[in-house]
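**Student:** For reference, the file start-v4.txt (compact mmCIF, C-alpha atoms) is included below:
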# COMPACT_ATOMS: atom_id res chain seq x y z
CA MET A 4 55.93 -19.62 49.18
CA LYS A 5 58.14 -18.25 51.94
CA LYS A 6 57.58 -14.69 50.72
CA LEU A 7 53.83 -15.29 50.47
CA SER A 8 53.67 -16.72 54.01
CA LEU A 9 55.66 -13.82 55.45
CA GLN A 10 53.46 -11.24 53.73
CA ALA A 11 50.26 -13.05 54.80
CA LEU A 12 51.51 -13.23 58.40
CA THR A 13 52.35 -9.51 58.40
CA ILE A 14 48.89 -8.53 57.13
CA THR A 15 47.25 -10.93 59.60
CA VAL A 16 49.06 -9.16 62.45
CA PHE A 17 47.88 -5.85 60.98
CA VAL A 18 44.26 -7.13 60.94
CA PHE A 19 44.39 -7.95 64.65
CA ILE A 20 46.01 -4.59 65.46
CA LEU A 21 43.17 -2.92 63.54
CA MET A 22 40.62 -4.98 65.52
CA TRP A 23 42.22 -3.85 68.77
CA VAL A 24 42.07 -0.19 67.68
CA VAL A 25 38.40 -0.54 66.71
CA SER A 26 37.55 -2.20 70.05
CA LYS A 27 39.31 0.57 72.00
CA THR A 28 37.53 3.23 69.94
CA THR A 29 34.19 1.60 70.77
CA ASP A 30 35.11 1.46 74.48
CA LEU A 31 35.67 5.22 74.42
CA HIS A 32 32.07 5.71 73.14
CA PHE A 33 33.07 7.63 70.02
CA PHE A 34 29.94 6.31 68.34
CA ASN A 35 27.27 7.10 70.93
CA SER A 36 24.71 7.75 68.19
CA PHE A 37 24.80 4.04 67.39
CA ASP A 38 24.37 2.88 71.01
CA GLY A 39 20.81 1.66 70.42
CA MET A 40 21.87 -0.41 67.43
CA SER A 41 24.93 -1.82 69.18
CA GLN A 42 22.85 -2.75 72.24
CA ALA A 43 20.38 -4.63 70.03
CA PHE A 44 23.20 -6.64 68.45
CA LYS A 45 24.80 -7.21 71.85
CA GLU A 46 21.57 -8.84 73.04
CA PHE A 47 21.54 -11.17 70.03
CA GLU A 48 23.60 -14.29 69.41
CA LEU A 49 23.36 -16.54 66.36
CA THR A 50 22.62 -19.52 68.59
CA ASP A 51 19.39 -17.78 69.68
CA ILE A 52 17.98 -18.84 66.30
CA VAL A 53 18.54 -22.45 67.32
CA PHE A 54 16.67 -22.00 70.60
CA SER A 55 13.67 -20.24 69.12
CA GLU A 56 13.40 -21.47 65.52
CA ILE A 57 15.36 -24.59 64.55
CA ARG A 58 15.03 -27.11 67.38
CA LYS A 59 12.02 -29.37 67.45
CA ASP A 60 9.50 -28.90 70.25
CA PRO A 61 10.72 -30.46 73.50
CA ASP A 62 8.93 -33.18 75.41
CA VAL A 63 7.30 -32.13 78.65
CA GLU A 64 9.69 -32.62 81.59
CA GLU A 65 7.44 -34.71 83.85
CA ARG A 66 9.94 -34.89 86.72
CA ILE A 67 9.56 -31.17 87.47
CA VAL A 68 6.49 -29.28 88.67
CA VAL A 69 6.49 -25.48 89.09
CA VAL A 70 4.13 -23.87 91.63
CA ASN A 71 3.30 -20.18 91.79
CA LEU A 72 4.08 -18.52 95.11
CA GLY A 73 2.31 -15.32 94.11
CA ASN A 74 2.20 -12.68 96.83
CA LEU A 75 1.22 -15.05 99.64
CA ASP A 76 2.05 -14.23 103.23
CA ARG A 77 4.12 -16.71 105.24
CA ARG A 78 1.10 -18.37 106.81
CA SER A 79 -0.32 -19.12 103.35
CA VAL A 80 3.09 -20.33 102.13
CA ALA A 81 3.08 -22.73 105.08
CA GLN A 82 -0.29 -24.00 103.87
CA GLN A 83 1.19 -24.52 100.38
CA ILE A 84 4.13 -26.50 101.72
CA ASN A 85 1.82 -28.55 103.93
CA ILE A 86 -0.24 -29.59 100.90
CA ILE A 87 2.83 -30.33 98.75
CA ARG A 88 4.77 -32.36 101.31
CA GLN A 89 1.78 -34.62 101.99
CA LEU A 90 1.74 -35.51 98.28
CA ASN A 91 5.21 -37.11 98.58
CA PRO A 92 7.50 -35.13 96.28
CA LYS A 93 11.17 -36.16 96.17
CA VAL A 94 12.38 -32.61 96.90
CA ILE A 95 10.81 -29.18 97.37
CA GLY A 96 12.71 -26.11 96.22
CA ILE A 97 11.54 -22.65 97.27
CA ASP A 98 12.83 -19.72 95.23
CA SER A 99 12.10 -17.07 97.83
CA TYR A 100 13.82 -15.46 100.82
CA PHE A 101 12.27 -15.44 104.27
CA ASN A 102 14.17 -12.65 105.95
CA CYS A 103 14.00 -8.88 106.34
CA GLU A 104 15.29 -6.98 103.32
CA GLY A 105 18.31 -4.88 104.18
CA ASN A 106 18.34 -6.60 107.60
CA LEU A 107 15.94 -3.94 108.90
CA ARG A 108 14.34 -5.97 111.65
CA ASP A 109 11.43 -3.80 112.71
CA THR A 110 7.75 -4.26 112.01
CA ILE A 111 7.55 -1.15 109.82
CA ASN A 112 10.26 -2.18 107.37
CA CYS A 113 9.61 -5.90 107.83
CA PRO A 114 5.86 -6.45 108.49
CA GLN A 115 6.36 -10.23 108.19
CA LEU A 116 7.65 -10.14 111.78
CA LEU A 117 4.15 -9.24 113.00
CA ASP A 118 2.81 -12.69 112.18
CA ASN A 119 4.88 -14.66 114.67
CA PHE A 120 2.54 -17.66 114.54
CA GLY A 121 2.72 -17.71 110.72
CA ASN A 122 6.52 -17.76 110.87
CA LEU A 123 6.44 -20.65 113.35
CA LEU A 124 4.02 -22.55 111.10
CA LEU A 125 6.27 -22.09 108.06
CA ALA A 126 9.42 -23.09 109.95
CA ASN A 127 7.63 -26.19 111.23
CA GLU A 128 6.52 -27.16 107.70
CA PHE A 129 10.09 -26.92 106.44
CA GLU A 130 11.34 -29.04 109.32
CA GLU A 131 8.59 -31.66 108.97
CA ALA A 132 9.08 -31.96 105.21
CA GLY A 133 12.79 -32.69 105.61
CA ASN A 134 13.41 -32.34 101.87
CA VAL A 135 13.28 -28.57 101.43
CA VAL A 136 15.94 -26.56 99.59
CA LEU A 137 15.88 -22.80 100.18
CA VAL A 138 17.71 -20.15 98.20
CA SER A 139 20.69 -18.17 99.45
CA LYS A 140 22.42 -15.27 97.73
CA LEU A 141 26.12 -14.77 97.05
CA LEU A 142 27.12 -11.30 98.23
CA GLN A 143 30.00 -8.88 98.00
CA THR A 144 31.05 -6.66 100.87
CA THR A 145 30.91 -2.92 100.21
CA LYS A 146 34.69 -2.72 100.04
CA THR A 147 34.89 -5.53 97.52
CA SER A 148 31.99 -4.28 95.38
CA LEU A 149 33.79 -0.99 94.84
CA ASP A 150 36.68 -2.80 93.18
CA ASP A 151 35.83 -3.22 89.47
CA ASN A 152 38.50 -5.89 89.11
CA LEU A 153 36.63 -8.12 91.58
CA ILE A 154 33.11 -7.74 90.16
CA ASP A 155 32.63 -11.55 90.10
CA PHE A 156 34.13 -12.07 93.54
CA TYR A 157 31.81 -13.04 96.41
CA ASP A 158 32.85 -13.29 100.02
CA SER A 159 29.60 -13.86 101.94
CA LEU A 160 26.07 -15.21 101.67
CA GLU A 161 22.58 -14.07 102.59
CA TYR A 162 20.20 -16.65 104.07
CA SER A 163 16.65 -16.75 105.37
CA ASP A 164 16.17 -16.10 109.08
CA SER A 165 17.64 -18.74 111.39
CA ILE A 166 14.18 -19.90 112.47
CA PHE A 167 13.74 -21.46 109.02
CA ASN A 168 17.08 -23.27 108.92
CA LYS A 169 16.16 -26.49 110.71
CA ASN A 170 16.35 -29.57 108.51
CA VAL A 171 16.74 -27.60 105.23
CA LYS A 172 19.47 -27.22 102.64
CA TYR A 173 20.54 -24.08 100.82
CA GLY A 174 21.62 -23.34 97.25
CA PHE A 175 22.53 -19.90 95.94
CA ALA A 176 20.06 -18.49 93.41
CA ASN A 177 22.47 -16.07 91.69
CA LEU A 178 22.26 -16.19 87.90
CA VAL A 179 24.74 -14.61 85.50
CA THR A 180 23.05 -11.57 83.92
CA ASP A 181 24.10 -9.03 81.33
CA PRO A 182 24.05 -6.27 82.38
CA PRO A 183 24.59 -7.27 86.03
CA ALA A 184 21.29 -6.86 87.87
CA VAL A 185 20.98 -5.19 91.26
CA HIS A 186 17.19 -5.23 91.73
CA GLN A 187 14.49 -7.71 90.72
CA ASP A 188 12.89 -5.23 88.30
CA ASP A 189 16.16 -4.51 86.45
CA VAL A 190 16.63 -5.56 82.82
CA LYS A 191 18.21 -9.01 83.10
CA GLN A 192 19.48 -11.15 80.23
CA CYS A 193 20.43 -14.63 81.36
CA ARG A 194 22.38 -17.18 79.34
CA SER A 195 24.47 -18.94 81.98
CA PHE A 196 24.91 -19.74 85.67
CA ILE A 197 27.63 -20.62 88.18
CA PRO A 198 27.29 -24.27 89.35
CA LYS A 199 29.40 -23.90 92.53
CA TYR A 200 31.32 -21.25 94.39
CA GLN A 201 33.90 -21.29 97.15
CA VAL A 202 33.31 -18.78 99.97
CA GLY A 203 36.08 -18.99 102.50
CA ASP A 204 36.68 -22.64 103.31
CA GLU A 205 33.19 -23.76 102.31
CA LEU A 206 31.97 -24.86 98.89
CA HIS A 207 28.43 -23.80 97.99
CA TYR A 208 26.24 -25.13 95.19
CA ALA A 209 23.70 -23.39 92.98
CA PHE A 210 20.00 -23.78 93.85
CA ALA A 211 19.31 -25.98 90.80
CA VAL A 212 22.38 -28.12 91.53
CA GLN A 213 21.19 -28.74 95.11
CA LEU A 214 17.76 -29.78 93.81
CA CYS A 215 19.36 -32.22 91.36
CA MET A 216 21.67 -33.56 94.07
CA ALA A 217 18.64 -34.45 96.19
CA TYR A 218 16.91 -36.06 93.20
CA ASP A 219 19.76 -37.85 91.40
CA SER A 220 23.18 -37.48 92.98
CA VAL A 221 24.91 -39.64 90.32
CA LYS A 222 23.94 -37.40 87.41
CA THR A 223 24.64 -34.28 89.45
CA LYS A 224 28.16 -35.42 90.35
CA LYS A 225 28.77 -36.24 86.70
CA PHE A 226 27.72 -32.70 85.81
CA LEU A 227 30.02 -31.19 88.45
CA GLU A 228 32.94 -33.27 87.13
CA ARG A 229 32.94 -30.99 84.09
CA GLN A 230 34.69 -28.49 86.41
CA LYS A 231 33.40 -25.45 84.55
CA GLU A 232 33.25 -22.15 86.44
CA GLU A 233 30.31 -21.03 84.33
CA GLU A 234 27.82 -23.19 82.42
CA ILE A 235 25.67 -22.12 79.48
CA ILE A 236 22.01 -22.92 80.15
CA ASN A 237 20.59 -25.23 77.50
CA TYR A 238 17.10 -23.76 77.51
CA ARG A 239 14.39 -26.17 76.42
CA GLY A 240 11.13 -24.45 77.22
CA ASN A 241 8.85 -22.35 79.37
CA ILE A 242 5.60 -22.88 81.24
CA GLU A 243 2.18 -22.27 79.78
CA ILE A 244 1.06 -18.94 81.24
CA GLN A 245 -2.62 -18.36 80.56
CA ASP A 246 -5.23 -16.22 82.20
CA ILE A 247 -8.93 -17.01 81.76
CA ARG A 248 -9.63 -13.27 81.90
CA LEU A 249 -7.81 -12.80 78.58
CA SER A 250 -9.13 -13.82 75.19
CA SER A 251 -7.15 -16.42 73.24
CA VAL A 252 -6.02 -13.70 70.80
CA ARG A 253 -4.81 -11.52 73.66
CA GLN A 254 -2.99 -14.49 75.24
CA LYS A 255 -1.12 -15.06 71.98
CA GLU A 256 -0.15 -11.39 71.82
CA THR A 257 1.15 -11.31 75.40
CA SER A 258 3.16 -14.54 75.07
CA THR A 259 6.85 -13.67 74.95
CA THR A 260 8.46 -17.03 74.24
CA ASN A 261 8.62 -19.11 71.06
CA TYR A 262 8.71 -22.40 72.92
CA PRO A 263 5.67 -24.50 73.87
CA LEU A 264 4.87 -26.08 77.22
CA MET A 265 7.93 -27.67 78.86
CA PHE A 266 7.02 -27.74 82.56
CA PHE A 267 3.73 -28.42 84.31
CA ALA A 268 2.74 -25.47 86.48
CA LEU A 269 0.07 -24.71 89.07
CA ASP A 270 -1.20 -21.28 90.01
CA VAL A 271 -1.70 -20.24 93.63
CA ASP A 272 -5.44 -20.94 93.74
CA GLN A 273 -5.10 -24.22 91.81
CA LEU A 274 -2.88 -25.71 94.51
CA LEU A 275 -4.91 -24.41 97.44
CA ASN A 276 -8.18 -25.60 95.83
CA GLY A 277 -6.83 -29.06 95.00
CA ASP A 278 -7.12 -28.48 91.24
CA TYR A 279 -4.62 -31.18 90.17
CA VAL A 280 -4.68 -34.88 89.36
CA GLU A 281 -3.74 -37.63 91.79
CA GLY A 282 -0.04 -38.45 91.85
CA PHE A 283 0.85 -35.10 90.28
CA PHE A 284 3.63 -34.38 92.82
CA GLU A 285 4.75 -37.87 93.80
CA ASP A 286 8.53 -38.47 93.58
CA LYS A 287 9.00 -35.22 91.65
CA ILE A 288 10.99 -32.03 92.00
CA VAL A 289 8.59 -29.27 93.03
CA ILE A 290 9.93 -25.75 92.59
CA VAL A 291 7.90 -23.02 94.26
CA GLY A 292 8.51 -19.45 93.14
CA PHE A 293 7.07 -16.19 91.88
CA LEU A 294 5.12 -16.42 88.60
CA GLY A 295 3.17 -13.21 89.00
CA SER A 296 0.31 -12.46 91.36
CA TYR A 297 -1.68 -14.76 89.07
CA PHE A 298 -0.91 -16.55 85.80
CA GLY A 299 -0.84 -14.06 82.95
CA GLU A 300 -0.12 -10.94 85.00
CA PHE A 301 2.17 -8.50 83.19
CA THR A 302 5.18 -7.96 85.45
CA TRP A 303 8.95 -7.55 85.22
CA SER A 304 9.56 -8.74 88.77
CA ASP A 305 12.05 -11.65 88.88
CA LYS A 306 11.74 -12.04 85.11
CA TYR A 307 14.55 -12.52 82.58
CA PHE A 308 15.31 -12.15 78.90
CA THR A 309 16.39 -15.54 77.52
CA PRO A 310 17.30 -16.93 74.07
CA LEU A 311 13.69 -18.17 73.78
CA ASN A 312 12.41 -14.59 73.53
CA LYS A 313 10.25 -13.93 70.47
CA LYS A 314 12.37 -10.89 69.60
CA PRO A 315 16.00 -12.03 69.23
CA ALA A 316 17.31 -8.43 69.13
CA GLY A 317 15.97 -5.20 70.62
CA ARG A 318 13.80 -7.22 72.98
CA ALA A 319 10.82 -5.41 74.50
CA ASN A 320 9.61 -7.70 77.30
CA PRO A 321 11.32 -10.39 79.41
CA ASP A 322 10.02 -13.87 78.69
CA MET A 323 10.88 -16.15 81.63
CA PHE A 324 10.50 -16.02 85.41
CA GLY A 325 13.53 -16.85 87.51
CA VAL A 326 11.95 -19.99 88.91
CA VAL A 327 11.52 -21.34 85.36
CA VAL A 328 15.16 -20.52 84.57
CA HIS A 329 16.11 -22.73 87.54
CA ALA A 330 13.76 -25.42 86.21
CA ASN A 331 15.56 -25.33 82.84
CA ILE A 332 18.90 -25.81 84.61
CA VAL A 333 17.52 -28.77 86.57
CA ALA A 334 16.19 -30.33 83.36
CA MET A 335 19.54 -29.82 81.64
CA ILE A 336 21.42 -31.62 84.43
CA LEU A 337 18.96 -34.51 84.74
CA ASN A 338 18.89 -35.03 80.96
CA GLU A 339 22.70 -34.66 80.74
CA ASP A 340 21.97 -32.17 77.98
CA TYR A 341 24.96 -29.88 78.45
CA VAL A 342 26.37 -27.19 76.17
CA ASP A 343 30.06 -27.44 75.31
CA GLU A 344 32.10 -24.54 73.96
CA LEU A 345 35.54 -23.55 72.74
CA ALA A 346 38.30 -22.52 75.10
CA GLU A 347 39.56 -18.94 74.71
CA TRP A 348 42.86 -20.04 73.15
CA GLN A 349 40.94 -22.12 70.59
CA LYS A 350 38.86 -19.09 69.57
CA TYR A 351 42.04 -17.07 68.92
CA LEU A 352 43.76 -19.95 67.13
CA ILE A 353 40.84 -20.47 64.73
CA ALA A 354 40.55 -16.71 64.09
CA ILE A 355 44.28 -16.37 63.33
CA LEU A 356 44.31 -19.45 61.09
CA ILE A 357 41.23 -18.43 59.06
CA CYS A 358 42.52 -14.87 58.77
CA PHE A 359 45.95 -16.04 57.61
CA LEU A 360 44.51 -18.37 54.94
CA THR A 361 42.12 -15.66 53.70
CA VAL A 362 44.93 -13.13 53.41
CA ALA A 363 47.10 -15.68 51.55
CA LEU A 364 44.20 -16.28 49.15
CA PHE A 365 43.79 -12.52 48.62
CA ILE A 366 47.51 -12.12 47.85
CA THR A 367 47.38 -14.99 45.35
CA ILE A 368 44.34 -13.54 43.56
CA ASP A 369 45.91 -10.07 43.54
CA ASN A 370 49.06 -11.48 41.91
CA LYS A 371 47.38 -13.86 39.43
CA LEU A 372 44.07 -12.09 38.66
CA PRO A 373 44.50 -8.41 39.57
CA PHE A 374 41.60 -7.35 37.31
CA TRP A 375 39.16 -9.57 39.24
CA PHE A 376 40.57 -8.90 42.69
CA ASP A 377 37.95 -6.41 43.95
CA ALA A 378 34.97 -8.54 42.92
CA LEU A 379 36.44 -11.84 44.09
CA SER A 380 37.64 -10.47 47.45
CA VAL A 381 34.15 -9.17 48.30
CA LEU A 382 32.52 -12.46 47.25
CA ILE A 383 35.01 -14.46 49.31
CA GLN A 384 34.38 -12.36 52.43
CA VAL A 385 30.59 -12.61 52.09
CA ALA A 386 30.78 -16.37 51.48
CA LEU A 387 33.13 -16.83 54.43
CA LEU A 388 30.90 -14.89 56.82
CA LEU A 389 27.83 -16.86 55.70
CA LEU A 390 29.68 -20.17 55.99
CA VAL A 391 30.93 -19.38 59.51
CA SER A 392 27.41 -18.28 60.56
CA VAL A 393 25.80 -21.47 59.25
CA PHE A 394 28.51 -23.58 60.88
CA MET A 395 27.91 -21.86 64.26
CA VAL A 396 24.14 -22.34 64.08
CA PHE A 397 24.14 -26.01 63.08
CA SER A 398 26.98 -27.06 65.37
CA PHE A 399 24.76 -25.87 68.21
CA ALA A 400 21.55 -27.34 66.76
CA TRP A 401 23.04 -30.78 66.06
CA PHE A 402 25.74 -31.23 68.68
CA ASP A 403 24.89 -28.73 71.49
CA PHE A 404 28.32 -27.22 70.86
CA LYS A 405 28.51 -23.45 71.07
CA LEU A 406 31.06 -22.61 68.42
CA ASP A 407 31.77 -18.99 69.32
CA LEU A 408 33.50 -17.70 66.18
CA GLY A 409 32.72 -14.03 66.71
CA LEU A 410 36.43 -13.20 66.65
CA THR A 411 36.83 -15.14 63.40
CA MET A 412 33.92 -13.25 61.83
CA ALA A 413 35.33 -9.90 62.94
CA ALA A 414 38.76 -10.75 61.53
CA SER A 415 37.22 -12.00 58.26
CA ALA A 416 35.21 -8.79 57.88
CA LEU A 417 38.37 -6.69 58.32
CA VAL A 418 40.62 -8.66 55.97
CA GLY A 419 39.52 -6.72 52.87
CA PRO A 420 39.89 -3.19 54.30
CA ALA A 421 43.09 -4.16 56.14
CA TYR A 422 44.59 -5.62 52.96
CA ASP A 423 43.81 -2.44 50.98
CA ILE A 424 45.20 -0.18 53.71
CA PHE A 425 48.35 -2.27 54.09
CA LYS A 426 48.85 -2.43 50.31
CA GLY A 427 48.46 1.35 50.09
CA PHE A 428 51.10 1.88 52.79
CA GLN A 429 53.35 -0.65 51.09
CA ASN A 430 53.10 1.05 47.67
CA GLN A 431 53.69 4.47 49.17
CA PHE A 432 56.71 3.18 51.08
CA ARG A 433 58.14 1.72 47.86
CA LYS A 434 57.71 5.09 46.13
CA TRP A 435 59.69 6.78 48.89
CA LEU A 436 62.48 4.22 48.58
CA THR A 437 62.71 4.39 44.78
CA LYS A 438 62.30 8.16 44.47
CA LYS A 439 65.34 9.73 42.69
CA PRO A 440 67.08 12.64 44.40
CA ALA A 441 66.42 16.08 42.86
CA GLU A 442 68.92 17.20 40.22
CA VAL A 443 71.45 19.83 41.30
CA LEU A 444 70.98 23.07 39.36
CA THR A 445 74.15 24.34 37.67
CA GLU A 446 74.88 27.69 36.13
Step by step, read the file and then write its structure as structure tokens.

**Tutor:**
Amino acid sequence: MKKLSLQALTITVFVFILMWVVSKTTDLHFFNSFDGMSQAFKEFELTDIVFSEIRKDPDVEERIVVVNLGNLDRRSVAQQINIIRQLNPKVIGIDSYFNCEGNLRDTINCPQLLDNFGNLLLANEFEEAGNVVLVSKLLQTTKTSLDDNLIDFYDSLEYSDSIFNKNVKYGFANLVTDPPAVHQDDVKQCRSFIPKYQVGDELHYAFAVQLCMAYDSVKTKKFLERQKEEEIINYRGNIEIQDIRLSSVRQKETSTTNYPLMFFALDVDQLLNGDYVEGFFEDKIVIVGFLGSYFGEFTWSDKYFTPLNKKPAGRANPDMFGVVVHANIVAMILNEDYVDELAEWQKYLIAILICFLTVALFITIDNKLPFWFDALSVLIQVALLLLVSVFMVFSFAWFDFKLDLGLTMAASALVGPAYDIFKGFQNQFRKWLTKKPAEVLTE
């Protein structure tokens, strides 16, 4: 048993060394011809199947209403807020910035400055409402952004112009994307967000967290007590995007999400024309943001790839607007429907343990049933990979626990080749040790 354990431990170490070599080889882009395939797999996680296929349809979240901001000017936005605030919502969140992009404060680069009366109207609506949450943006200075080691470090914030700051609260709208997005039209895959962030001496909260704090501070504080730097978003659904100009067949083709209606939503003209039922906004969280120029418009602006996407790998079109991502976060916090996950050390511990036991099993089979070793080792690896995959999927589906066993699967896949390589080295080494010296020729 001692000899078996020592040999299994040695081969387990060899497996992890081999994994490290493979990872470094991949980092050096030796296999550029497979980049498309690797990118498709990078976009896919097993838990995506749970989001899009296994979970039952969610109930409509009646506490949240999403309103399309479209491409309205500030005077029209003021009209929107005026209508909404008179319908007595609990809190109004606006996922839009009211400043000059790049801080270029001239009427050519920032035409919004021309409508001074419209700006005053909008600022007055915010102040009169008294329950408005605007978005800010966590920023990096140029010096910091050039340092790759501090890519997740922020040292400042961007706000709307000071005229809009009376009687409002702010929450940063930054979402964690892969790859990191610079512009709104960039490819953005979003699975998580940062609940809070310390900038200098001041603690700032995410936009969705600020909305929840205004609606239900008890549940929000309970969420923050989890003390997680990054939270996985437990996506539950999208909004129903339909355009009367499209046929029902065309609407089905252009839909990009597998989930049904989760949030009630109003288009720009629906709100302005009063096309909603009485009490629709009362005591609710109203989130105003961009959902296209009109419902059903094809656009990539402020749109993300999420696990609800119809195509789990090699995704063609983003499926969710940023404002709806924030709505999903709000729903997750209010429903206390969090996602838990393994700590890093737990991932390594499980991978090492499973690898060690698999290697020990391989050694035993090789010693007791050498004739059947090749067939049994392959069957064991396939069965192990399937079992781990099923366990990952259903632990998420049943318990909202993201069991990230990617390292375990990688180690399990390499056990067979690593065992053969190590055994080959071992046999060759034994031959060298037992090789007899050449006979001395005599006359």

**Student:** Given all atoms listed in the file as the basis, pick out the residue of A:Trp401, A:Ser380, A:Glu130, A:Val138 nearest to A:Leu417.

**Tutor:**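 Closest to A:Leu417 of all the choices is A:Ser380.
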
**Student:** What lies within 12 Å of stretch 370-376 of chain A using only C-alpha atoms, ignoring chain neighbours under 4 positions off, as an MDAnalysis selection string?

**Tutor:** chainID A and resid 7 363:366 380:383 419 422:423

**Student:** How far is it from atom CA of A:Leu123 to atom CA of A:Pro92, in Å with one decimal?

**Tutor:**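 Spanning atom CA of A:Leu123 to atom CA of A:Pro92 is a straight-line distance of 22.4 Å.
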
**Student:** Fewer than 6 positions away in the same chain doesn't count, so skip those; otherwise give me all residues within 10 Å of A:Thr13, counting only C-alpha atoms, as a VMD selection string.

**Tutor:** chain A and resid 7 359 362 425

**Student:** Please determine, counting only C-alpha atoms, which residue among A:Val80, A:Val289, A:Ile332, A:Ile197 has the shortest atom-to-atom distance to A:Val271.

**Tutor:**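 Closest residue, counting only C-alpha atoms: A:Val80.
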
**Student:** What does the distance from atom CA of A:Gly73 to atom CA of A:Phe298 come to in Å, to one decimal?

**Tutor:**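 Answer for the atom CA of A:Gly73 to atom CA of A:Phe298 separation: 9.0 Å.
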
**Student:** Which one of A:Glu234, A:Glu65, A:Asp286, A:Glu128 sits closest to A:Lys405 if you count only C-alpha atoms?

**Tutor:**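 Distance minimum relative to A:Lys405 lands on A:Glu234.
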
**Student:** Tell me, in Å to one decimal, how far atom CA of A:Lys5 is from atom CA of A:Val18.

**Tutor:** 19.9 Å

**Student:** If you count all atoms listed in the file, which residues fall within 12 Å of A:Arg78, apart from same-chain ones fewer than 6 positions away, as JSON, numbers by chain?

**Tutor:** {"A": [84, 85, 101, 115, 116, 117, 118, 119, 120, 121, 122, 123, 124, 125, 126, 127, 128]}

**Student:** Give me the residues within 10 Å of stretch 201-204 of chain A as a list in words, counting all atoms listed in the file and dropping any in the same chain fewer than 6 places off.

**Tutor:**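 Within the cut-off, the hits are Leu141, Leu142, Phe156, Tyr157, Asp158, Ser159 and Leu160 of chain A.
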
**Student:** Nearest to A:Asp322 among A:Lys191, A:Lys222, A:Lys169, A:Lys93, with distances taken over only C-alpha atoms: which residue is it?

**Tutor:** A:Lys191

**Student:** Write out as a count of residues only which residues come within 8 Å of A:Phe284 when counting only C-alpha atoms, dropping same-chain ones fewer than 6 positions away.

**Tutor:** 5

**Student:** Got a sec to check which residues sit within 6 Å of (24.4, -18.0, 87.8), counting all atoms listed in the file, and write them as a JSON list (two decimals) with C-alpha atoms, keeping the file's coordinate frame?

**Tutor:**
[["chain", "number", "residue", "atom", "x", "y", "z"],
["A", 177, "ASN", "CA", 22.47, -16.07, 91.69],
["A", 178, "LEU", "CA", 22.26, -16.19, 87.90],
["A", 179, "VAL", "CA", 24.74, -14.61, 85.50],
["A", 195, "SER", "CA", 24.47, -18.94, 81.98],
["A", 196, "PHE", "CA", 24.91, -19.74, 85.67],
["A", 197, "ILE", "CA", 27.63, -20.62, 88.18]]

**Student:** Which is closer to A:Leu388 than all the others in A:Val333, A:Gly295, A:Thr361, A:Ala400, using only C-alpha atoms?

**Tutor:** A:Thr361
